[in-house]
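Below: run_17.cif (mmCIF, C-alpha atoms and all ligand atoms)
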data_my_file
loop_
_atom_site.label_atom_id
_atom_site.label_comp_id
_atom_site.auth_asym_id
_atom_site.auth_seq_id
_atom_site.Cartn_x
_atom_site.Cartn_y
_atom_site.Cartn_z
CA MET A 559 -1.73 -7.15 6.09
CA ALA A 560 -2.05 -3.46 5.32
CA GLU A 561 -1.74 -2.42 1.68
CA LEU A 562 -0.98 0.50 -0.56
CA ALA A 563 -3.57 0.57 -3.36
CA PHE A 564 -3.54 2.99 -6.28
CA PHE A 565 -6.83 3.60 -8.10
CA ALA A 566 -5.90 5.15 -11.40
CA GLY A 567 -7.66 6.45 -14.48
CA THR A 568 -8.28 9.45 -16.63
CA MET A 569 -9.99 12.58 -15.41
CA ASP A 570 -13.73 12.18 -14.84
CA CYS A 571 -13.74 8.38 -14.49
CA GLY A 572 -15.07 8.33 -10.91
CA LYS A 573 -11.94 8.24 -8.75
CA SER A 574 -13.13 10.77 -6.17
CA THR A 575 -16.55 9.14 -6.11
CA LEU A 576 -14.91 5.80 -5.31
CA ALA A 577 -12.78 7.47 -2.62
CA LEU A 578 -15.95 8.80 -1.00
CA GLN A 579 -17.66 5.40 -1.29
CA ILE A 580 -14.71 3.65 0.37
CA GLN A 581 -14.84 6.27 3.13
CA HIS A 582 -18.61 5.82 3.51
CA ASN A 583 -18.51 2.02 3.66
CA ARG A 584 -15.68 1.91 6.16
CA SER A 585 -17.04 4.59 8.45
CA ALA A 586 -20.45 2.86 8.36
CA ARG A 587 -18.70 -0.12 9.97
CA GLY A 588 -17.07 1.97 12.67
CA LEU A 589 -13.66 2.35 11.05
CA LEU A 590 -11.88 5.68 11.24
CA GLY A 591 -10.01 7.16 8.31
CA LEU A 592 -7.93 10.21 7.57
CA ILE A 593 -8.71 11.88 4.25
CA PHE A 594 -6.08 13.84 2.36
CA THR A 595 -6.16 15.68 -0.91
CA ARG A 596 -4.27 18.31 -2.85
CA ASN A 597 -5.59 20.97 -5.23
CA ASP A 598 -9.16 19.69 -5.43
CA ARG A 599 -11.32 21.82 -7.74
CA ALA A 600 -13.71 22.52 -4.81
CA GLY A 601 -10.93 24.33 -2.95
CA GLU A 602 -8.42 23.77 -0.18
CA GLY A 603 -9.23 21.03 2.30
CA ARG A 604 -12.06 19.54 0.24
CA LEU A 605 -12.47 16.22 -1.56
CA SER A 606 -15.25 16.52 -4.14
CA SER A 607 -16.91 14.30 -6.71
CA ARG A 608 -18.80 15.43 -9.80
CA LEU A 609 -21.75 13.44 -8.48
CA GLY A 610 -22.17 16.26 -5.96
CA LEU A 611 -20.67 14.65 -2.88
CA VAL A 612 -18.00 16.52 -0.98
CA THR A 613 -16.20 16.03 2.31
CA ASP A 614 -13.60 17.83 4.38
CA ALA A 615 -10.03 16.67 3.90
CA ILE A 616 -6.55 17.54 5.05
CA GLU A 617 -4.70 19.52 2.39
CA ALA A 618 -1.41 17.73 1.73
CA ASP A 619 0.59 20.58 0.26
CA GLU A 620 4.17 20.52 -1.01
CA GLY A 621 5.89 20.40 2.39
CA PHE A 622 3.45 17.96 3.98
CA ASP A 623 4.88 14.78 5.54
CA PHE A 624 2.29 11.98 5.66
CA HIS A 625 4.31 9.67 7.90
CA ALA A 626 5.19 12.41 10.41
CA HIS A 627 1.56 13.57 10.44
CA LEU A 628 0.27 10.05 11.17
CA VAL A 629 2.89 9.40 13.86
CA LYS A 630 2.01 12.68 15.58
CA TYR A 631 -1.71 11.97 15.30
CA LEU A 632 -1.42 8.42 16.69
CA THR A 633 0.95 9.52 19.48
CA ALA A 634 -1.63 12.10 20.56
CA GLY A 635 -4.15 9.26 20.96
CA GLY A 636 -5.79 9.47 17.54
CA ARG A 637 -7.02 6.39 15.71
CA ALA A 638 -6.62 5.69 12.00
CA ASP A 639 -7.71 2.46 10.38
CA TYR A 640 -7.10 3.69 6.85
CA VAL A 641 -5.91 6.65 4.83
CA ILE A 642 -7.39 8.09 1.66
CA ALA A 643 -5.23 10.28 -0.59
CA ASP A 644 -7.04 11.87 -3.52
CA GLU A 645 -5.42 13.80 -6.39
CA ALA A 646 -2.35 11.70 -5.62
CA GLN A 647 -0.80 12.56 -8.98
CA PHE A 648 0.19 15.91 -7.48
CA LEU A 649 2.21 14.33 -4.65
CA SER A 650 5.99 14.19 -4.83
CA ALA A 651 7.81 10.86 -5.05
CA GLU A 652 9.00 11.45 -1.49
CA GLN A 653 5.43 11.87 -0.25
CA VAL A 654 4.43 8.57 -1.88
CA ASP A 655 7.39 6.95 -0.10
CA GLN A 656 5.93 8.35 3.13
CA LEU A 657 2.58 6.72 2.31
CA ALA A 658 4.35 3.39 1.80
CA ARG A 659 5.93 3.80 5.25
CA VAL A 660 2.48 4.46 6.71
CA VAL A 661 1.45 1.06 5.34
CA ASP A 662 4.58 -0.89 6.25
CA ASP A 663 5.61 0.70 9.56
CA LEU A 664 2.23 1.73 10.97
CA GLY A 665 0.11 -1.09 9.50
CA ILE A 666 -2.50 1.29 8.04
CA ASP A 667 -4.20 0.74 4.66
CA VAL A 668 -3.62 3.55 2.19
CA PHE A 669 -5.97 4.09 -0.76
CA ALA A 670 -4.59 6.58 -3.27
CA PHE A 671 -6.52 7.98 -6.24
CA GLY A 672 -5.16 9.87 -9.21
CA ILE A 673 -4.72 10.37 -12.91
CA THR A 674 -1.67 8.61 -14.27
CA THR A 675 -0.61 10.94 -17.07
CA ASP A 676 -0.69 14.66 -17.74
CA PHE A 677 -1.92 16.50 -20.83
CA ARG A 678 1.36 15.64 -22.61
CA THR A 679 0.84 11.92 -21.85
CA ARG A 680 3.73 11.98 -19.34
CA LEU A 681 3.46 10.34 -15.94
CA PHE A 682 2.88 12.65 -12.99
CA PRO A 683 5.61 12.21 -10.34
CA GLY A 684 3.15 10.99 -7.68
CA SER A 685 1.54 8.49 -10.06
CA GLN A 686 4.89 7.22 -11.27
CA ARG A 687 6.00 6.51 -7.70
CA LEU A 688 2.66 4.89 -6.87
CA ILE A 689 2.97 2.56 -9.86
CA GLU A 690 6.47 1.70 -8.67
CA LEU A 691 5.46 1.07 -5.04
CA ALA A 692 1.79 0.08 -4.82
CA ASP A 693 0.77 -3.41 -3.76
CA ARG A 694 -1.95 -3.13 -6.38
CA VAL A 695 -2.85 -0.70 -9.12
CA GLU A 696 -6.48 -0.70 -10.18
CA VAL A 697 -7.73 1.00 -13.30
CA LEU A 698 -11.26 2.19 -12.72
CA GLN A 699 -13.94 0.09 -14.39
CA VAL A 700 -16.40 2.86 -15.31
CA GLU A 701 -14.40 4.13 -18.21
CA ALA A 702 -14.67 7.66 -19.48
CA LEU A 703 -15.33 7.81 -23.22
CA CYS A 704 -13.69 9.68 -26.06
CA TRP A 705 -16.09 11.55 -28.35
CA CYS A 706 -15.67 8.67 -30.86
CA GLY A 707 -17.04 6.13 -28.39
CA ALA A 708 -13.72 4.41 -27.67
CA ARG A 709 -12.43 4.18 -24.14
CA ALA A 710 -10.74 7.43 -23.15
CA THR A 711 -7.21 6.72 -22.03
CA HIS A 712 -5.64 10.18 -22.16
CA ASN A 713 -6.27 13.68 -20.85
CA ALA A 714 -6.14 16.62 -23.25
CA ARG A 715 -5.79 20.25 -22.17
CA THR A 716 -7.50 22.93 -24.17
CA VAL A 717 -6.75 26.63 -24.16
CA GLY A 718 -9.38 28.77 -25.79
CA GLY A 719 -10.96 25.60 -27.16
CA ARG A 720 -7.79 24.30 -28.83
CA MET A 721 -5.76 21.34 -27.61
CA VAL A 722 -2.27 22.27 -26.40
CA VAL A 723 0.80 20.14 -25.68
CA GLU A 724 2.94 22.75 -23.94
CA GLY A 725 2.55 24.47 -20.61
CA ALA A 726 2.86 23.92 -16.86
CA GLN A 727 2.20 20.37 -15.74
CA VAL A 728 -0.21 21.47 -13.01
CA VAL A 729 -3.21 23.62 -13.88
CA VAL A 730 -6.29 22.84 -11.79
CA GLY A 731 -9.36 22.64 -14.01
CA ASP A 732 -12.33 20.65 -15.20
CA VAL A 733 -13.74 18.78 -18.17
CA GLY A 734 -16.88 19.95 -19.91
CA GLY A 735 -15.94 23.15 -21.69
CA GLY A 736 -16.84 26.72 -20.92
CA GLN A 737 -13.50 27.64 -19.34
CA GLU A 738 -10.47 29.31 -20.93
CA ILE A 739 -8.28 26.40 -19.80
CA GLY A 740 -10.14 23.10 -19.76
CA TYR A 741 -9.68 19.39 -20.20
CA GLU A 742 -11.17 16.67 -22.36
CA VAL A 743 -10.62 12.94 -22.18
CA LEU A 744 -9.71 11.26 -25.47
CA CYS A 745 -8.64 7.90 -26.84
CA ARG A 746 -4.94 7.71 -27.75
CA ARG A 747 -5.64 7.92 -31.47
CA HIS A 748 -7.46 11.22 -31.14
CA HIS A 749 -5.05 12.56 -28.51
CA ARG A 750 -2.16 11.93 -30.92
CA ARG A 751 -4.02 13.74 -33.69
CA ARG A 752 -5.06 16.54 -31.32
CA LEU A 753 -8.62 15.88 -32.37
CA THR A 754 -10.94 17.06 -29.62
CA ALA A 755 -14.73 16.91 -30.02
CA ALA A 756 -14.76 20.57 -31.09
CA ALA A 757 -11.93 20.08 -33.59
CA ALA A 758 -13.76 17.06 -35.03
CA GLY A 759 -16.95 19.09 -35.24
CA VAL A 760 -18.96 16.86 -32.92
CA GLY A 761 -20.67 18.11 -29.79
CA GLN A 762 -20.98 14.79 -28.03
CA LEU A 763 -20.61 11.05 -28.46
CA SER A 764 -20.92 10.35 -32.16
CA PRO A 765 -23.13 7.34 -32.95
CA GLU A 766 -21.61 6.87 -36.44
CA VAL A 767 -18.23 5.96 -35.07
CA LEU A 768 -19.33 3.43 -32.49
CA PRO A 769 -18.37 -0.18 -33.37
CA ALA A 770 -20.57 -1.28 -36.29
CA ASP A 771 -20.68 -5.00 -35.38
CA PRO A 772 -24.15 -5.93 -34.15
CA ILE A 773 -24.33 -7.84 -30.86
CA PRO A 774 -25.25 -11.43 -31.81
CA HIS A 775 -28.55 -12.76 -30.43
CA GLN A 776 -28.20 -15.30 -27.63
CA ALA A 777 -30.12 -18.53 -28.17
CA THR A 778 -32.76 -18.84 -25.45
N1 LIG A 801 -25.23 13.87 -13.75
C1 LIG A 801 -24.60 12.71 -13.57
N2 LIG A 801 -25.29 11.55 -13.49
C2 LIG A 801 -24.67 10.37 -13.30
N3 LIG A 801 -23.35 10.26 -13.19
C3 LIG A 801 -22.62 11.36 -13.26
C4 LIG A 801 -23.19 12.65 -13.44
N4 LIG A 801 -22.19 13.55 -13.46
C5 LIG A 801 -21.05 12.86 -13.30
N5 LIG A 801 -21.31 11.54 -13.19
C6 LIG A 801 -20.36 10.43 -12.99
O1 LIG A 801 -19.30 10.91 -12.21
C7 LIG A 801 -18.06 10.52 -12.81
C8 LIG A 801 -17.01 11.52 -12.40
O2 LIG A 801 -16.80 11.32 -11.02
P1 LIG A 801 -15.57 11.96 -10.25
O3 LIG A 801 -15.45 11.17 -8.99
O4 LIG A 801 -15.78 13.43 -10.10
O5 LIG A 801 -14.37 11.66 -11.26
P2 LIG A 801 -12.79 11.79 -11.09
O6 LIG A 801 -12.48 11.97 -9.63
O7 LIG A 801 -12.26 10.50 -11.65
O8 LIG A 801 -12.40 12.96 -11.93
C9 LIG A 801 -18.37 10.47 -14.29
O9 LIG A 801 -17.54 9.58 -15.00
C10 LIG A 801 -19.79 9.93 -14.29
O10 LIG A 801 -19.77 8.53 -14.25
C1 LIG A 802 -4.39 16.25 -17.32
C2 LIG A 802 -4.03 17.24 -16.26
C3 LIG A 802 -4.90 17.52 -15.23
N1 LIG A 802 -4.56 18.42 -14.28
C4 LIG A 802 -5.51 18.72 -13.19
C5 LIG A 802 -6.90 19.08 -13.60
C6 LIG A 802 -7.72 18.67 -12.39
O1 LIG A 802 -7.71 19.75 -11.47
C7 LIG A 802 -6.95 17.48 -11.82
C8 LIG A 802 -7.59 16.15 -12.13
O2 LIG A 802 -8.77 16.04 -11.40
P1 LIG A 802 -9.84 14.86 -11.63
O3 LIG A 802 -10.57 14.82 -10.32
O4 LIG A 802 -9.09 13.59 -11.91
O5 LIG A 802 -10.71 15.26 -12.77
O6 LIG A 802 -5.66 17.53 -12.42
C9 LIG A 802 -3.33 19.05 -14.32
O7 LIG A 802 -3.01 19.85 -13.43
N2 LIG A 802 -2.48 18.79 -15.34
C10 LIG A 802 -2.78 17.91 -16.32
O8 LIG A 802 -1.95 17.71 -17.23
#

Any chance you could give the structure as structure tokens?
Amino acid sequence: MAELAFFAGTMDCGKSTLALQIQHNRSARGLLGLIFTRNDRAGEGRLSSRLGLVTDAIEADEGFDFHAHLVKYLTAGGRADYVIADEAQFLSAEQVDQLARVVDDLGIDVFAFGITTDFRTRLFPGSQRLIELADRVEVLQVEALCWCGARATHNARTVGGRMVVEGAQVVVGDVGGGQEIGYEVLCRRHHRRRLTAAAAGVGQLSPEVLPADPIPHQAT
């Protein structure tokens, strides 16, 4: 049976990479997919990963109707075995409903990828609806790390190097510094305290704050 799967995580945890891998593995076996995205950093109609891979995609902007698009495409003789929707946090609740109809009415697998919460720790509308509707929600296994070494669970926005908690929900940008408006992934504790790596005075992962317990030796 076709399914709606939501692959969720923070920024920079490998969601787009996984989307491209799913696309690669399926197309290597002769399956045909339609790839959608919205507001990718690489520009309109692109799905890009920080590992350097990029592919063309259909830009699903505000007025885009996934179900109508698929019906039109299939009616014209097109084939679609699966659908990939990256940056799904930016979709409206209605567009996620359309994706669910693609699964249920057209029998096509839909794999959606997105960050769950914004820089204020609030759910994005698309992610909220995906959590409500998806057959399965998978949190990515390659976790991004906070500067303290803990798993990063939240996305911080920085303006001029300082973490902010007010502003527009959508501002396309990247992690890694060097931009006026940027992002940094943090654990909840440091997100709550607005303690980015720069504010804490550390440039990168800090060895002193990693768990101090030694890993016990296994008897051989
Ligand atoms: N130079 C690199 N070498 C190895 N892995 C890298 C490198 N740069 C980025 N990555 C990996 O790529 C991940 C980000 O992938 P990406 O698909 O762009 O993330 P997302 O879509 O979740 O924002 C990082 O978490 C890291 O694992
Ligand atoms: C937290 C947050 C992020 N965004 C933007 C920034 C990026 O363009 C994307 C996330 O892309 P990624 O591939 O997952 O790194 O979302 C935003 O607009 N608002 C936010 O609060």

Ranking A:Asp732, A:Glu696, A:Asp614, A:Asp662 by minimum distance to ligand LIG 802 (chain A) and counting all atoms listed in the file, which one comes first?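 Result for the nearest residue to ligand LIG 802 (chain A): A:Asp732.
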
With a cut-off of 12 Å, could you pull out the residues of range 612-719 of chain A touching range 583-593 of chain A and give me the nearest pair of atoms for each, distance in Å to one decimal, using all atoms listed in the file, ordered by chain and ascending number, as JSON lines?
{"residue": "A:Val612", "atom": "CA", "partner": "A:Ile593", "partner_atom": "CA", "distance": 11.6}
{"residue": "A:Thr613", "atom": "CA", "partner": "A:Ile593", "partner_atom": "CA", "distance": 8.8}
{"residue": "A:Asp614", "atom": "CA", "partner": "A:Ile593", "partner_atom": "CA", "distance": 7.7}
{"residue": "A:Ala615", "atom": "CA", "partner": "A:Ile593", "partner_atom": "CA", "distance": 5.0}
{"residue": "A:Ile616", "atom": "CA", "partner": "A:Ile593", "partner_atom": "CA", "distance": 6.1}
{"residue": "A:Glu617", "atom": "CA", "partner": "A:Ile593", "partner_atom": "CA", "distance": 8.8}
{"residue": "A:Ala618", "atom": "CA", "partner": "A:Ile593", "partner_atom": "CA", "distance": 9.7}
{"residue": "A:Phe624", "atom": "CA", "partner": "A:Leu592", "partner_atom": "CA", "distance": 10.5}
{"residue": "A:His627", "atom": "CA", "partner": "A:Leu592", "partner_atom": "CA", "distance": 10.5}
{"residue": "A:Leu628", "atom": "CA", "partner": "A:Leu592", "partner_atom": "CA", "distance": 9.0}
{"residue": "A:Tyr631", "atom": "CA", "partner": "A:Leu592", "partner_atom": "CA", "distance": 10.1}
{"residue": "A:Leu632", "atom": "CA", "partner": "A:Leu592", "partner_atom": "CA", "distance": 11.3}
{"residue": "A:Gly636", "atom": "CA", "partner": "A:Leu590", "partner_atom": "CA", "distance": 9.5}
{"residue": "A:Arg637", "atom": "CA", "partner": "A:Leu590", "partner_atom": "CA", "distance": 6.6}
{"residue": "A:Ala638", "atom": "CA", "partner": "A:Gly591", "partner_atom": "CA", "distance": 5.2}
{"residue": "A:Asp639", "atom": "CA", "partner": "A:Leu590", "partner_atom": "CA", "distance": 5.3}
{"residue": "A:Tyr640", "atom": "CA", "partner": "A:Gly591", "partner_atom": "CA", "distance": 4.8}
{"residue": "A:Val641", "atom": "CA", "partner": "A:Leu592", "partner_atom": "CA", "distance": 4.9}
{"residue": "A:Ile642", "atom": "CA", "partner": "A:Ile593", "partner_atom": "CA", "distance": 4.8}
{"residue": "A:Ala643", "atom": "CA", "partner": "A:Ile593", "partner_atom": "CA", "distance": 6.2}
{"residue": "A:Asp644", "atom": "CA", "partner": "A:Ile593", "partner_atom": "CA", "distance": 7.9}
{"residue": "A:Glu645", "atom": "CA", "partner": "A:Ile593", "partner_atom": "CA", "distance": 11.3}
{"residue": "A:Ala646", "atom": "CA", "partner": "A:Ile593", "partner_atom": "CA", "distance": 11.7}
{"residue": "A:Val660", "atom": "CA", "partner": "A:Leu592", "partner_atom": "CA", "distance": 11.9}
{"residue": "A:Ile666", "atom": "CA", "partner": "A:Gly591", "partner_atom": "CA", "distance": 9.5}
{"residue": "A:Asp667", "atom": "CA", "partner": "A:Gly591", "partner_atom": "CA", "distance": 9.4}
{"residue": "A:Val668", "atom": "CA", "partner": "A:Gly591", "partner_atom": "CA", "distance": 9.6}
{"residue": "A:Phe669", "atom": "CA", "partner": "A:Ile593", "partner_atom": "CA", "distance": 9.7}
{"residue": "A:Ala670", "atom": "CA", "partner": "A:Ile593", "partner_atom": "CA", "distance": 10.1}
{"residue": "A:Phe671", "atom": "CA", "partner": "A:Ile593", "partner_atom": "CA", "distance": 11.4}

In Å and to one decimal, CA of Gly725 in chain A is distant from atom P2 of ligand LIG 801 (chain A) by 22.1 Å

Practice task
Set the cut-off to 6 Å, count only C-alpha atoms and all ligand atoms, and list whatever residues fall near ligand LIG 802 (chain A) as a PyMOL selection string.
Solution key: chain A and resi 569-570+599+673+676-677+713+727-732

Test item: which residues lie within 7 Å of (-9.4, 20.4, -22.5) counting only C-alpha atoms, as a PyMOL selection string:
chain A and resi 714-717+721+733+739-742

**Asked** Taking only C-alpha atoms and all ligand atoms into account, which residues are within 9 Å of ligand LIG 801 (chain A), as a PyMOL selection string?
**Response** chain A and resi 566-578+606-611+644-645+671-673+698+700-703+732-733

Item to complete: Anything within 9 Å of (-5.4, 6.1, -21.4): list those residues as an NGL selection string, counting only C-alpha atoms and sticking to the file's coordinates.
Response: :A and (567-568 or 674-675 or 679 or 709-713 or 743-746)

(Q) Just to confirm, what's the straight-line distance from CA of Glu602 in chain A to CA of Ala658 in chain A in Å (one decimal)? (A)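 Answer for the CA of Glu602 in chain A to CA of Ala658 in chain A separation: 24.1 Å.
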
In terms of all atoms listed in the file, the residue from A:Gly761, A:Gly621, A:Gly719, A:Gly603 at minimal distance from Cys704 in chain A is A:Gly761

_One number please: CA of Asp655 in chain A to CA of Ala634 in chain A, in Å, one decimal._
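If I compute the distance from CA of Asp655 in chain A to CA of Ala634 in chain A, I get 23.1 Å.
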
Which residue, A:Ala563, A:Leu753, A:Leu664, A:Ala651, has the smallest gap to Asp693 in chain A when you use all atoms listed in the file?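 Among the listed residues, A:Ala563 lies closest to Asp693 in chain A.
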
* Asked: Nearest to Ala726 in chain A among A:Lys630, A:Arg604, A:Arg678, A:His625, with distances taken over only C-alpha atoms: which residue is it?
  ->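 Of A:Lys630, A:Arg604, A:Arg678, A:His625, the one nearest Ala726 in chain A, counting only C-alpha atoms, is A:Arg678.
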
Quick one: residues within 10 Å of Ala758 in chain A, all atoms listed in the file, excluding same-chain residues fewer than 4 positions away - as a CSV table (one decimal) with C-alpha atoms, in the frame of the given file?
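In the end it all went to around11.csv:
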chain,number,residue,atom,x,y,z
A,705,TRP,CA,-16.1,11.6,-28.4
A,706,CYS,CA,-15.7,8.7,-30.9
A,748,HIS,CA,-7.5,11.2,-31.1
A,752,ARG,CA,-5.1,16.5,-31.3
A,753,LEU,CA,-8.6,15.9,-32.4
A,754,THR,CA,-10.9,17.1,-29.6

With 4 Å added on each side, what axis-aligned box encloses every listed atom of range 676-689 of chain A? Give the centre and edge lengths in Å to one decimal, as AutoDock Vina command-line options.
--center_x 2.0 --center_y 9.5 --center_z -14.7 --size_x 15.9 --size_y 21.9 --size_z 23.7
